[in-house]
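Novice: Structure file structure.cif (mmCIF, C-alpha atoms) right here:
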data_model
#
loop_
_atom_site.label_atom_id
_atom_site.label_comp_id
_atom_site.auth_asym_id
_atom_site.auth_seq_id
_atom_site.Cartn_x
_atom_site.Cartn_y
_atom_site.Cartn_z
CA MET A 4 160.60 89.43 107.15
CA PRO A 5 162.32 88.84 103.81
CA PRO A 6 164.48 91.70 102.48
CA GLN A 7 162.35 92.25 99.35
CA GLN A 8 159.17 92.65 101.41
CA ALA A 9 160.92 95.07 103.83
CA LEU A 10 162.24 97.11 100.90
CA MET A 11 158.75 97.39 99.34
CA LEU A 12 157.28 98.42 102.71
CA ALA A 13 159.96 101.13 103.10
CA GLU A 14 159.30 102.48 99.58
CA GLU A 15 155.55 102.67 100.28
CA LYS A 16 156.19 104.79 103.38
CA GLY A 17 158.78 106.96 101.60
CA LEU A 18 161.55 105.91 103.99
CA ASP A 19 164.81 103.96 103.71
CA LEU A 20 165.77 100.44 104.77
CA VAL A 21 168.90 100.83 106.94
CA GLU A 22 171.04 97.93 108.11
CA ILE A 23 171.66 98.39 111.85
CA ALA A 24 173.60 95.25 112.85
CA ALA A 25 175.24 93.54 109.88
CA THR A 26 177.12 90.98 111.99
CA ALA A 27 173.98 89.60 113.67
CA THR A 28 172.31 86.51 112.27
CA PRO A 29 169.99 87.35 110.63
CA PRO A 30 171.13 90.95 109.94
CA VAL A 31 169.01 93.58 111.68
CA CYS A 32 167.47 96.33 109.53
CA ARG A 33 165.20 99.24 110.33
CA ILE A 34 162.83 101.32 108.24
CA MET A 35 163.63 104.99 108.88
CA ASN A 36 164.70 108.31 107.41
CA SER A 37 168.42 107.60 106.89
CA GLY A 38 169.43 111.24 106.36
CA LYS A 39 168.04 112.25 109.74
CA PHE A 40 169.58 109.19 111.43
CA PHE A 41 173.10 109.82 110.08
CA TYR A 42 172.85 113.55 110.87
CA GLN A 43 171.92 112.82 114.50
CA GLN A 44 174.68 110.21 114.75
CA ALA A 45 177.24 112.73 113.46
CA LYS A 46 176.04 115.27 116.03
CA ARG A 47 176.41 112.70 118.86
CA ASP A 48 179.93 111.83 117.68
CA ALA A 49 180.92 115.51 117.51
CA GLU A 50 179.57 116.11 121.01
CA ALA A 51 181.54 113.15 122.35
CA ARG A 52 184.74 114.42 120.68
CA LYS A 53 184.25 117.86 122.17
CA HIS A 54 184.43 116.50 125.72
CA GLN A 55 187.47 114.28 125.13
CA ARG A 56 190.77 115.05 126.82
CA HIS A 57 193.68 114.98 124.38
CA ILE A 58 196.79 113.67 126.08
CA LYS A 59 200.12 114.74 124.67
CA ILE A 60 203.48 113.11 125.27
CA LYS A 61 206.10 115.62 126.40
CA GLU A 62 209.82 114.80 126.27
CA VAL A 63 212.49 115.61 128.83
CA LYS A 64 216.09 114.80 127.89
CA PHE A 65 218.91 114.12 130.32
CA ARG A 66 222.60 113.39 129.88
CA PRO A 67 224.59 110.96 132.07
CA LYS A 68 226.62 113.89 133.46
CA VAL A 69 223.56 116.00 134.42
CA ASP A 70 224.21 118.60 137.11
CA GLU A 71 222.06 118.76 140.27
CA HIS A 72 220.44 122.09 139.33
CA ASP A 73 219.67 120.91 135.80
CA PHE A 74 218.09 117.74 137.17
CA ALA A 75 215.92 119.72 139.61
CA PHE A 76 214.86 122.14 136.85
CA LYS A 77 213.83 119.33 134.53
CA ARG A 78 212.08 117.48 137.39
CA LYS A 79 209.91 120.57 137.95
CA ASN A 80 209.06 120.60 134.25
CA VAL A 81 208.05 116.94 134.46
CA GLU A 82 205.81 117.70 137.46
CA ARG A 83 204.22 120.59 135.56
CA PHE A 84 203.57 118.41 132.49
CA LEU A 85 202.02 115.68 134.64
CA SER A 86 199.83 118.15 136.54
CA ASP A 87 198.54 119.40 133.17
CA GLY A 88 197.44 115.82 132.44
CA ASN A 89 200.11 114.95 129.85
CA LYS A 90 202.39 111.94 129.71
CA VAL A 91 206.15 112.41 129.95
CA LYS A 92 208.80 110.53 128.01
CA SER A 93 212.08 110.92 129.90
CA LEU A 94 215.23 110.14 127.95
CA VAL A 95 218.88 109.73 128.87
CA ILE A 96 221.00 110.22 125.77
CA PHE A 97 224.44 108.61 125.65
CA ARG A 98 227.23 109.74 123.33
CA GLY A 99 230.30 107.79 122.40
CA ARG A 100 231.76 105.71 125.23
CA GLU A 101 229.13 106.86 127.74
CA ILE A 102 226.97 103.91 126.64
CA VAL A 103 229.34 101.61 128.57
CA HIS A 104 227.93 103.07 131.81
CA SER A 105 224.25 102.60 131.08
CA GLU A 106 223.65 102.02 134.82
CA ILE A 107 224.13 105.79 135.32
CA GLY A 108 221.19 106.47 132.99
CA ARG A 109 219.06 103.90 134.78
CA GLU A 110 219.91 105.57 138.13
CA ILE A 111 218.87 108.98 136.76
CA LEU A 112 215.52 107.68 135.52
CA ASN A 113 214.86 105.71 138.71
CA ARG A 114 215.70 108.80 140.80
CA LEU A 115 213.30 110.89 138.70
CA ALA A 116 210.52 108.34 139.17
CA ALA A 117 211.17 108.15 142.92
CA GLU A 118 211.14 111.93 143.40
CA ILE A 119 207.86 112.46 141.54
CA GLY A 120 206.21 109.22 142.64
CA ASP A 121 203.37 111.10 144.36
CA VAL A 122 202.10 112.56 141.06
CA ALA A 123 203.25 109.96 138.52
CA LEU A 124 202.85 106.33 137.59
CA ILE A 125 205.59 104.50 135.71
CA GLU A 126 203.91 103.43 132.49
CA SER A 127 207.05 101.76 131.12
CA PRO A 128 210.20 101.18 133.17
CA PRO A 129 213.62 102.30 131.89
CA ARG A 130 214.65 100.40 128.78
CA GLN A 131 217.60 100.75 126.42
CA GLU A 132 216.83 101.74 122.81
CA GLY A 133 220.08 102.14 120.91
CA ASN A 134 222.05 105.03 122.43
CA THR A 135 219.11 106.26 124.53
CA MET A 136 217.40 104.99 127.65
CA VAL A 137 213.64 105.66 127.74
CA GLN A 138 211.04 105.74 130.51
CA ILE A 139 207.40 106.84 130.16
CA LEU A 140 205.54 108.42 133.08
CA ALA A 141 201.78 109.01 133.25
CA PRO A 142 199.81 111.21 135.65
CA LYS A 143 198.00 109.53 138.51
CA LYS A 144 194.22 109.42 138.15
CA GLU A 145 193.48 111.45 141.28
CA VAL A 146 195.57 114.36 139.99
CA THR A 147 193.06 116.81 138.58
CA VAL A 148 193.76 119.55 136.12
CA ALA A 149 193.66 122.83 138.02
CA PRO A 150 191.86 125.65 136.22
CA LYS A 151 194.04 128.56 135.26
CA PRO A 152 193.48 131.53 137.59
CA ARG A 153 191.78 134.51 136.01
CA PRO A 154 192.92 138.04 136.85
CA LYS A 155 190.65 139.68 139.38
CA LYS A 156 188.94 142.93 138.48
CA ALA A 157 188.26 145.64 140.98
CA PRO A 158 184.54 146.22 141.60
CA ALA A 159 182.97 149.08 139.68
CA ASP A 160 182.20 151.10 142.83
CA ALA A 161 185.86 150.86 143.95
CA ARG A 162 187.01 152.26 140.61
CA ALA A 163 184.48 155.08 140.90
CA ARG A 164 185.77 155.95 144.41
CA ALA A 165 189.35 155.93 143.13
CA ASP A 166 188.42 158.32 140.32
CA ALA A 167 186.50 160.58 142.72
CA GLY A 168 189.38 160.50 145.22
CA GLY A 169 191.85 161.69 142.59
CA ALA A 170 189.62 164.57 141.56
CA ALA A 171 188.89 165.53 145.17
CA ALA A 172 192.58 165.68 146.04
CA GLY A 173 192.96 168.60 143.66
CA LYS A 174 194.51 166.78 140.74
CA THR A 175 193.79 168.44 137.45
CA GLU A 176 194.53 167.32 133.97
#
Take the structure from the file and write it as structure tokens.

Specialist:
Amino acid sequence: MPPQQALMLAEEKGLDLVEIAATATPPVCRIMNSGKFFYQQAKRDAEARKHQRHIKIKEVKFRPKVDEHDFAFKRKNVERFLSDGNKVKSLVIFRGREIVHSEIGREILNRLAAEIGDVALIESPPRQEGNTMVQILAPKKEVTVAPKPRPKKAPADARARADAGGAAAGKTE
């Protein structure tokens, strides 16, 4: 149908002529109430955004002379970040002449990836960027985000017995 005829038909019905697929040949249009259509589309988009998972990138920094305890502590942080569903950017920062021994940084990052291989995927292998060596780790798909435990409340009848027990034992206020 020619555009002029479609526009006259839409005006007769008190509706709008809305272009649905502009890239199609010929372009596809529909006669409808555009305000209602765009409102419903905005609601669908908002609903989709509400159920999205926002992934953050957390950073963990190492030095070439990292101690065993410090490495273990930071490894646990990396595991915690990955179990929360976030990505981890692990860095080895070199200062001064330490950059000459970049293999030490690569060993640190490879050791980290090997030790947490059961919960992480290597998204980008270790690479040198100036005076830092960078590696990005992502959580494995089968790792699910565990819900945070809620504190348990005592049942109401147990609280009533505890109150009655205190009064029966001769406690006065």

Novice: Return the single residue from A:Lys64, A:Tyr42, A:Leu140, A:Leu112 that is closest to Phe84 in chain A, with distances computed using all atoms listed in the file.

Specialist: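 Of A:Lys64, A:Tyr42, A:Leu140, A:Leu112, the one nearest Phe84 in chain A, counting all atoms listed in the file, is A:Leu140.
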
Novice: Using only C-alpha atoms, what table do you get, as a tab-separated table, when you list each residue of range 59-112 of chain A with an atom no more than 12 Å from range 127-130 of chain A, its nearest pair of atoms, and their distance in Å rounded to one decimal, rows by chain then rising number?

Specialist:
residue	atom	partner	partner_atom	distance
A:Lys90	CA	A:Ser127	CA	11.3
A:Val91	CA	A:Ser127	CA	10.8
A:Lys92	CA	A:Ser127	CA	9.5
A:Ser93	CA	A:Pro129	CA	9.0
A:Leu94	CA	A:Pro129	CA	8.9
A:Val95	CA	A:Pro129	CA	9.6
A:Ser105	CA	A:Arg130	CA	10.1
A:Glu106	CA	A:Pro129	CA	10.5
A:Ile107	CA	A:Pro129	CA	11.6
A:Gly108	CA	A:Pro129	CA	8.7
A:Arg109	CA	A:Pro129	CA	6.4
A:Glu110	CA	A:Pro129	CA	9.4
A:Ile111	CA	A:Pro129	CA	9.8
A:Leu112	CA	A:Pro129	CA	6.8

Novice: For Val81 in chain A, which residue among A:Lys53, A:Lys61, A:Lys16, A:Arg47 is the nearest when counting all atoms listed in the file?

Specialist: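 So, comparing all the options, the nearest one is A:Lys61.
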
Novice: Between A:Lys46, A:Arg33, A:Arg66, A:Lys59, which has the minimum distance to Ile102 in chain A (counting only C-alpha atoms)?

Specialist: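 Result for the nearest residue to Ile102 in chain A: A:Arg66.
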
Novice: Which residue, A:Pro67, A:Gly133, A:Gly17, A:Pro142, has the smallest gap to Ile119 in chain A when you use only C-alpha atoms?

Specialist: A:Pro142

Novice: Evaluate the PyMOL selection byres ((chain A and resi 4-6) around 12) and record the selected residues as a PyMOL selection string, following the chain and residue labels used in the document.

Specialist: chain A and resi 7-13+20-22+29-34

Novice: How far is it from CA of Gln43 in chain A to CA of Arg56 in chain A, in Å with one decimal?

Specialist: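 Between CA of Gln43 in chain A and CA of Arg56 in chain A the gap is 22.6 Å.
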
Novice: Which residues match the PyMOL selection byres ((chain A and resi 120) around 12) in the file above, as a compact mmCIF listing (two decimals) with C-alpha atoms, in the frame of the given file?

Specialist:
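Final file, selection.txt:
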# COMPACT_ATOMS: atom_id res chain seq x y z
CA ARG A 78 212.08 117.48 137.39
CA VAL A 81 208.05 116.94 134.46
CA GLU A 82 205.81 117.70 137.46
CA LEU A 85 202.02 115.68 134.64
CA LEU A 112 215.52 107.68 135.52
CA ASN A 113 214.86 105.71 138.71
CA ARG A 114 215.70 108.80 140.80
CA LEU A 115 213.30 110.89 138.70
CA ALA A 116 210.52 108.34 139.17
CA ALA A 117 211.17 108.15 142.92
CA GLU A 118 211.14 111.93 143.40
CA ILE A 119 207.86 112.46 141.54
CA ASP A 121 203.37 111.10 144.36
CA VAL A 122 202.10 112.56 141.06
CA ALA A 123 203.25 109.96 138.52
CA LEU A 124 202.85 106.33 137.59
CA ILE A 125 205.59 104.50 135.71
CA GLU A 126 203.91 103.43 132.49
CA LEU A 140 205.54 108.42 133.08
CA ALA A 141 201.78 109.01 133.25
CA PRO A 142 199.81 111.21 135.65
CA LYS A 143 198.00 109.53 138.51

Novice: How many Å lie between CA of Lys77 in chain A and CA of Arg98 in chain A, rounded to one decimal?

Specialist: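 Result for CA of Lys77 in chain A versus CA of Arg98 in chain A: 19.9 Å, one decimal.
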
Novice: How many Å separate CA of Glu132 in chain A from CA of Asn89 in chain A?

Specialist: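 Between CA of Glu132 in chain A and CA of Asn89 in chain A the gap works out to 22.4 Å.
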
Novice: May I ask which of the residues A:Glu15, A:Val103, A:Ala24, A:Asp87 is the closest one to His57 in chain A, counting all atoms listed in the file?

Specialist: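 Checking each of A:Glu15, A:Val103, A:Ala24, A:Asp87 against His57 in chain A, counting all atoms listed in the file, the winner is A:Asp87.
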
Novice: For Lys68 in chain A, which of A:Asp19, A:Asn80, A:Ala45, A:His104 is the closest residue, counting all atoms listed in the file?

Specialist: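 Closest candidate: A:His104.
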
Novice: Where's the centre, and what are the edge lengths in Å to one decimal, of a box along x, y and z enclosing all listed atoms of range 99-110 of chain A padded 5 Å per side, as AutoDock Vina command-line options?

Specialist:
--center_x 225.4 --center_y 104.7 --center_z 130.3 --size_x 22.7 --size_y 16.2 --size_z 25.7
